[in-house]
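In what follows, a single structure is set out as structure tokens and then discussed.
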Amino acid sequence: MTRRLPGDMPPEEFRRFARETADWIADFLAHAGDRRVLPAVTPGSTIDALPAKPPDEGEDMSAILADFDRLIVPGLTQWNHPGFFAYFAITASGPGILGEMLTAAVNTNGMLWRTSPASTELEQVVLDWLWQLMGLPGHVFGMIHDTASTSTLHAVVAAREAQEDLAIRTRGQSGAPPLMYYTSEQANSSVEKAAITLGIGQENVRKIPVDDVYRMRPEVLDAAIAQDLAAGRRPFCVVATVGTTSTASIDPVPQIAEICRRRNVWLHVDAAYGGIAAIVPEMRHVLAGCELSDSLVVNPHKWLFTPVDLSAFYCRRPEILRRAFSLVPEYLAATEDPRAVNMTEYGVPLGRRFRALKLWFVLRYFGRQGIIDNIREHLRLAREFSARIIGHPDFELMAPTLFSTVCFRFHPQHSGDDRLQALNRSLLDAVNRTGRIFLSHTVLRGHYTLRLAIGNLRTSQAHVDEAWNLLRSKAHDLTL
Ligand SMILES: Cc1ncc(COP(=O)(O)O)c(C=O)c1O
């Protein structure tokens, strides 16, 4: 214990522990696959291991780092593990981590252009680069948010603001006709959450049914909008998805965009996972029609090797975002200059951390070709795993494999549906309990379904082989 003098850690002490921490990170990444993916802990174990009271005197940095290693790391789910196949797998890449370290060091707050000119401008440059990498035409206003949930929330605010005659920003929603919001049954929960947050009301969220491969049915969307219009309600926003969370299906964006244009409804595309794949030339088609959307979100922190968090939000009509969000008290007044963008005027947060730096590092370090090679390999691994599922008499593919996510279930012959649900739950538990891999699940048309999602830079053929071997051997044990 040390009584600290006023002031920060001395530079020499910082230098020493920064080096130690860098070494720790390098070892951690080099041995990412050695730990359990899912920690063997019970709820409350980390709380119980930590003191209930904060320290009165300063503690030694070496003791703090040792406790991080001893008390915290064993309770972490290892998202950098090559056997992490749950949800959507992600990577904190080396260049991304270095960017994140420098972001913490410079500690800028990019609320206004003046409060950090380079971070504001770098954000515009990297988002423009990403737009180009995805093969989308022209130039569109972009801003970085923490998550796709926040990006979609901003899209829905803009969509509502676009209903100019309702003047909701000033009058509120109470006197307005019911605002109707459309998405598919397969949309991510964040889409509905935006409606909850904004007081749209869950009852006014129309979840449009999907076709046999989980895509929104545009003719049902069109009919639902027509019905709401006829009843005096106000359709204002459609959210289509490129790469849905359960199956990675792709809504028919070109047809949906045509409906939105004809009906004068805002189209937001949630490409949080799938959009990144468009960087690969043969996958560019996944964003077909997105050039017609009013807004789009894609998450570099999902499949673009960028540490959590970084979501890229694009909006074709930034003047509407600004109309919705700009509120400039005297203490924030800044010189007007068309090149000096004050990002706080386009969204909820006032303070904005410097997230663009890590994406800049990632895009430069890997380059277009490096990104393509990695994503292409993930796509290949998924296709190959999918082919094994199709080729095995006791496994069943549950949805087409369009990206790097495979939906399947164990389906031994002559098993009824009730038994299949219990078997697949047990299989998921059994493989996850090994600590070698981590898969997640969903339910498709009432069927309990396993998901294997590939997206980590350290995942190779050997890890997918291990997953397949574990699945088969645990499945075999369950049927003994
Ligand atoms: C399609 C889709 N949209 C949105 C989200 C939410 O992303 P975030 O965690 O960045 O809010 C997810 C999360 O997996 C997703 O799969």
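Each chain in the structure tokens gets a letter, A, B, ..., in the order shown, and its residues are numbered from 1; ligands are numbered from 1 in order too.
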Sorted per-residue table, range 363-416 of chain A near range 195-213 of chain A, closest atoms and distance, 12 Å, only C-alpha atoms, as CSV:
residue,atom,partner,partner_atom,distance
A:Leu397,CA,A:Val213,CA,11.9
A:Met398,CA,A:Val213,CA,9.4
A:Ala399,CA,A:Val213,CA,6.5
A:Pro400,CA,A:Val213,CA,7.1
A:Thr401,CA,A:Val213,CA,10.3
A:Leu402,CA,A:Val213,CA,10.6
A:Cys407,CA,A:Val213,CA,11.8
Could you write out the selected residues, including N, CA and C atoms, as a PDB file, in the first residue's frame?
ATOM      1  N   LEU A 397     -28.832 -29.921 -42.125  1.00  0.00           N
ATOM      2  CA  LEU A 397     -28.632 -28.476 -42.301  1.00  0.00           C
ATOM      3  C   LEU A 397     -29.995 -27.804 -42.160  1.00  0.00           C
ATOM      4  N   MET A 398     -30.046 -26.708 -41.361  1.00  0.00           N
ATOM      5  CA  MET A 398     -31.345 -26.093 -41.055  1.00  0.00           C
ATOM      6  C   MET A 398     -31.609 -24.803 -41.829  1.00  0.00           C
ATOM      7  N   ALA A 399     -30.577 -24.286 -42.511  1.00  0.00           N
ATOM      8  CA  ALA A 399     -30.759 -23.067 -43.318  1.00  0.00           C
ATOM      9  C   ALA A 399     -29.598 -23.019 -44.306  1.00  0.00           C
ATOM     10  N   PRO A 400     -29.781 -22.343 -45.438  1.00  0.00           N
ATOM     11  CA  PRO A 400     -28.669 -22.252 -46.383  1.00  0.00           C
ATOM     12  C   PRO A 400     -27.469 -21.549 -45.739  1.00  0.00           C
ATOM     13  N   THR A 401     -26.272 -21.952 -46.138  1.00  0.00           N
ATOM     14  CA  THR A 401     -25.057 -21.315 -45.607  1.00  0.00           C
ATOM     15  C   THR A 401     -24.621 -20.227 -46.589  1.00  0.00           C
ATOM     16  N   LEU A 402     -24.984 -18.983 -46.293  1.00  0.00           N
ATOM     17  CA  LEU A 402     -24.701 -17.881 -47.220  1.00  0.00           C
ATOM     18  C   LEU A 402     -23.421 -17.150 -46.848  1.00  0.00           C
ATOM     19  N   CYS A 407     -26.196 -23.281 -39.698  1.00  0.00           N
ATOM     20  CA  CYS A 407     -27.289 -23.695 -38.805  1.00  0.00           C
ATOM     21  C   CYS A 407     -27.582 -25.164 -39.070  1.00  0.00           C
TER      22      CYS A 407
END
Review point. Could you name the residues that touch range 448-455 of chain A at 7 Å or less, counting only C-alpha atoms, but leaving out those on the same chain fewer than 3 positions away, as a ChimeraX atom specification?
Key: /A:85-90,303,378,382,404-409,421,424,439-444
Could you write those residues out with N, CA and C atoms, as an mmCIF file, in the first residue's frame?
data_model
loop_
_atom_site.group_PDB
_atom_site.id
_atom_site.type_symbol
_atom_site.label_atom_id
_atom_site.label_comp_id
_atom_site.auth_asym_id
_atom_site.auth_seq_id
_atom_site.Cartn_x
_atom_site.Cartn_y
_atom_site.Cartn_z
ATOM 1 N N PHE A 85 -17.234 -20.195 -31.586
ATOM 2 C CA PHE A 85 -18.113 -20.242 -32.758
ATOM 3 C C PHE A 85 -19.532 -19.771 -32.418
ATOM 4 N N ALA A 86 -19.701 -19.161 -31.243
ATOM 5 C CA ALA A 86 -21.056 -18.789 -30.807
ATOM 6 C C ALA A 86 -21.453 -17.426 -31.380
ATOM 7 N N TYR A 87 -22.731 -17.108 -31.309
ATOM 8 C CA TYR A 87 -23.260 -15.801 -31.738
ATOM 9 C C TYR A 87 -22.637 -15.432 -33.085
ATOM 10 N N PHE A 88 -21.886 -14.293 -33.128
ATOM 11 C CA PHE A 88 -21.004 -14.048 -34.272
ATOM 12 C C PHE A 88 -19.594 -13.919 -33.714
ATOM 13 N N ALA A 89 -18.683 -14.761 -34.218
ATOM 14 C CA ALA A 89 -17.315 -14.749 -33.699
ATOM 15 C C ALA A 89 -16.604 -13.466 -34.144
ATOM 16 N N ILE A 90 -15.714 -12.980 -33.301
ATOM 17 C CA ILE A 90 -15.058 -11.688 -33.540
ATOM 18 C C ILE A 90 -13.559 -11.815 -33.259
ATOM 19 N N TRP A 303 -17.019 -8.604 -37.885
ATOM 20 C CA TRP A 303 -16.256 -9.480 -38.781
ATOM 21 C C TRP A 303 -15.091 -8.735 -39.440
ATOM 22 N N HIS A 378 -12.820 -17.722 -44.059
ATOM 23 C CA HIS A 378 -13.932 -18.018 -43.149
ATOM 24 C C HIS A 378 -15.122 -18.569 -43.935
ATOM 25 N N ALA A 382 -16.730 -22.355 -43.546
ATOM 26 C CA ALA A 382 -18.162 -22.565 -43.260
ATOM 27 C C ALA A 382 -18.802 -23.455 -44.330
ATOM 28 N N SER A 404 -20.615 -17.089 -43.120
ATOM 29 C CA SER A 404 -19.742 -17.999 -42.355
ATOM 30 C C SER A 404 -20.482 -18.594 -41.161
ATOM 31 N N THR A 405 -21.802 -18.623 -41.233
ATOM 32 C CA THR A 405 -22.620 -19.156 -40.145
ATOM 33 C C THR A 405 -23.373 -20.385 -40.633
ATOM 34 N N VAL A 406 -23.262 -21.467 -39.882
ATOM 35 C CA VAL A 406 -23.911 -22.713 -40.294
ATOM 36 C C VAL A 406 -24.958 -23.089 -39.239
ATOM 37 N N CYS A 407 -26.196 -23.281 -39.698
ATOM 38 C CA CYS A 407 -27.289 -23.695 -38.805
ATOM 39 C C CYS A 407 -27.582 -25.164 -39.070
ATOM 40 N N PHE A 408 -27.572 -25.966 -38.018
ATOM 41 C CA PHE A 408 -27.727 -27.410 -38.211
ATOM 42 C C PHE A 408 -28.287 -28.042 -36.948
ATOM 43 N N ARG A 409 -28.642 -29.299 -37.031
ATOM 44 C CA ARG A 409 -28.979 -30.034 -35.811
ATOM 45 C C ARG A 409 -28.593 -31.499 -35.976
ATOM 46 N N GLN A 421 -35.224 -32.030 -29.819
ATOM 47 C CA GLN A 421 -34.971 -30.811 -29.038
ATOM 48 C C GLN A 421 -34.081 -31.147 -27.838
ATOM 49 N N ASN A 424 -30.480 -32.126 -28.937
ATOM 50 C CA ASN A 424 -29.627 -31.020 -29.394
ATOM 51 C C ASN A 424 -29.228 -30.093 -28.255
ATOM 52 N N LEU A 439 -20.384 -23.064 -29.032
ATOM 53 C CA LEU A 439 -21.409 -22.859 -30.056
ATOM 54 C C LEU A 439 -22.645 -22.276 -29.373
ATOM 55 N N SER A 440 -23.501 -21.612 -30.134
ATOM 56 C CA SER A 440 -24.763 -21.136 -29.555
ATOM 57 C C SER A 440 -25.924 -21.750 -30.327
ATOM 58 N N HIS A 441 -27.129 -21.348 -29.998
ATOM 59 C CA HIS A 441 -28.288 -21.987 -30.625
ATOM 60 C C HIS A 441 -29.324 -20.949 -31.030
ATOM 61 N N THR A 442 -30.307 -21.402 -31.781
ATOM 62 C CA THR A 442 -31.491 -20.599 -32.057
ATOM 63 C C THR A 442 -32.647 -21.573 -32.220
ATOM 64 N N VAL A 443 -33.826 -21.039 -32.475
ATOM 65 C CA VAL A 443 -34.966 -21.911 -32.773
ATOM 66 C C VAL A 443 -35.517 -21.477 -34.123
ATOM 67 N N LEU A 444 -35.594 -22.416 -35.053
ATOM 68 C CA LEU A 444 -36.096 -22.109 -36.395
ATOM 69 C C LEU A 444 -37.354 -22.926 -36.648
#
Practice item. Fewer than 3 positions away in the same chain doesn't count, so skip those; otherwise give me all residues within 10 Å of Ala159 in chain A, counting only C-alpha atoms, as number ranges by chain. Key: A: 153-156, 162-164, 181, 236-238, 265-268, 294-295, 317, 320-321, 324
Grab the residues selected above and save them as a tab-separated table (two decimals), in the first residue's frame with C-alpha atoms.
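Result file selection-v1.tsv:
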chain	number	residue	atom	x	y	z
A	153	LEU	CA	-31.73	3.68	-32.89
A	154	HIS	CA	-30.34	6.72	-34.71
A	155	ALA	CA	-31.73	5.49	-38.02
A	156	VAL	CA	-35.20	5.19	-36.52
A	162	ALA	CA	-38.40	12.64	-41.86
A	163	GLN	CA	-42.16	12.74	-41.17
A	164	GLU	CA	-41.76	16.50	-41.16
A	181	TYR	CA	-42.53	0.32	-38.15
A	236	PHE	CA	-42.51	5.57	-41.40
A	237	CYS	CA	-39.69	3.03	-41.32
A	238	VAL	CA	-38.68	-0.38	-42.65
A	265	VAL	CA	-41.02	5.22	-46.07
A	266	TRP	CA	-37.45	5.33	-44.70
A	267	LEU	CA	-35.38	2.22	-45.39
A	268	HIS	CA	-32.69	1.27	-42.90
A	294	ASP	CA	-31.67	5.82	-46.50
A	295	SER	CA	-29.34	4.42	-43.88
A	317	ARG	CA	-29.67	12.34	-45.44
A	320	ILE	CA	-32.35	14.99	-41.16
A	321	LEU	CA	-30.13	13.50	-38.46
A	324	ALA	CA	-33.37	15.54	-35.14
Practice item. Could you report the residues within 6 Å of ligand 1, using only C-alpha atoms and all ligand atoms, as a ChimeraX atom specification? Key: /A:147-149,188,190,243-245,270,272-273
Check your understanding: So which residues touch Thr170 in chain A within 12 Å, counting only C-alpha atoms, skipping near sequence neighbours fewer than 3 positions away, as a list in words?
Key -> Glu161, Glu164, Asp165, Leu166, Ala167, Gln173, Ser174, Gly175, Ala176, Arg323, Ala324 and Phe325 of chain A
Just to be explicit: take each residue in the selection above, keep N, CA and C atoms, and write the result as an mmCIF file, in the first residue's frame.
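Final file, out.cif:
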data_model
loop_
_atom_site.group_PDB
_atom_site.id
_atom_site.type_symbol
_atom_site.label_atom_id
_atom_site.label_comp_id
_atom_site.auth_asym_id
_atom_site.auth_seq_id
_atom_site.Cartn_x
_atom_site.Cartn_y
_atom_site.Cartn_z
ATOM 1 N N GLU A 161 -38.087 11.652 -37.836
ATOM 2 C CA GLU A 161 -37.913 13.080 -38.106
ATOM 3 C C GLU A 161 -38.276 13.406 -39.554
ATOM 4 N N GLU A 164 -41.931 15.103 -41.551
ATOM 5 C CA GLU A 164 -41.764 16.496 -41.157
ATOM 6 C C GLU A 164 -43.040 17.128 -40.592
ATOM 7 N N ASP A 165 -44.174 16.810 -41.221
ATOM 8 C CA ASP A 165 -45.419 17.473 -40.806
ATOM 9 C C ASP A 165 -45.807 17.137 -39.363
ATOM 10 N N LEU A 166 -45.290 16.027 -38.830
ATOM 11 C CA LEU A 166 -45.669 15.643 -37.465
ATOM 12 C C LEU A 166 -44.889 16.416 -36.409
ATOM 13 N N ALA A 167 -43.758 16.978 -36.817
ATOM 14 C CA ALA A 167 -42.919 17.793 -35.906
ATOM 15 C C ALA A 167 -42.759 17.141 -34.533
ATOM 16 N N GLN A 173 -45.066 12.799 -29.481
ATOM 17 C CA GLN A 173 -45.782 11.857 -30.335
ATOM 18 C C GLN A 173 -47.261 11.735 -29.989
ATOM 19 N N SER A 174 -47.682 12.361 -28.881
ATOM 20 C CA SER A 174 -49.018 12.023 -28.380
ATOM 21 C C SER A 174 -50.149 12.388 -29.347
ATOM 22 N N GLY A 175 -50.030 13.520 -30.060
ATOM 23 C CA GLY A 175 -51.131 13.887 -30.964
ATOM 24 C C GLY A 175 -51.006 13.281 -32.356
ATOM 25 N N ALA A 176 -49.918 12.550 -32.583
ATOM 26 C CA ALA A 176 -49.638 12.052 -33.942
ATOM 27 C C ALA A 176 -50.392 10.743 -34.206
ATOM 28 N N ARG A 323 -31.231 17.682 -37.983
ATOM 29 C CA ARG A 323 -32.491 18.310 -37.572
ATOM 30 C C ARG A 323 -33.033 17.610 -36.322
ATOM 31 N N ALA A 324 -32.848 16.311 -36.271
ATOM 32 C CA ALA A 324 -33.371 15.542 -35.135
ATOM 33 C C ALA A 324 -32.562 15.786 -33.859
ATOM 34 N N PHE A 325 -31.251 15.928 -34.009
ATOM 35 C CA PHE A 325 -30.400 15.866 -32.815
ATOM 36 C C PHE A 325 -29.694 17.163 -32.417
#
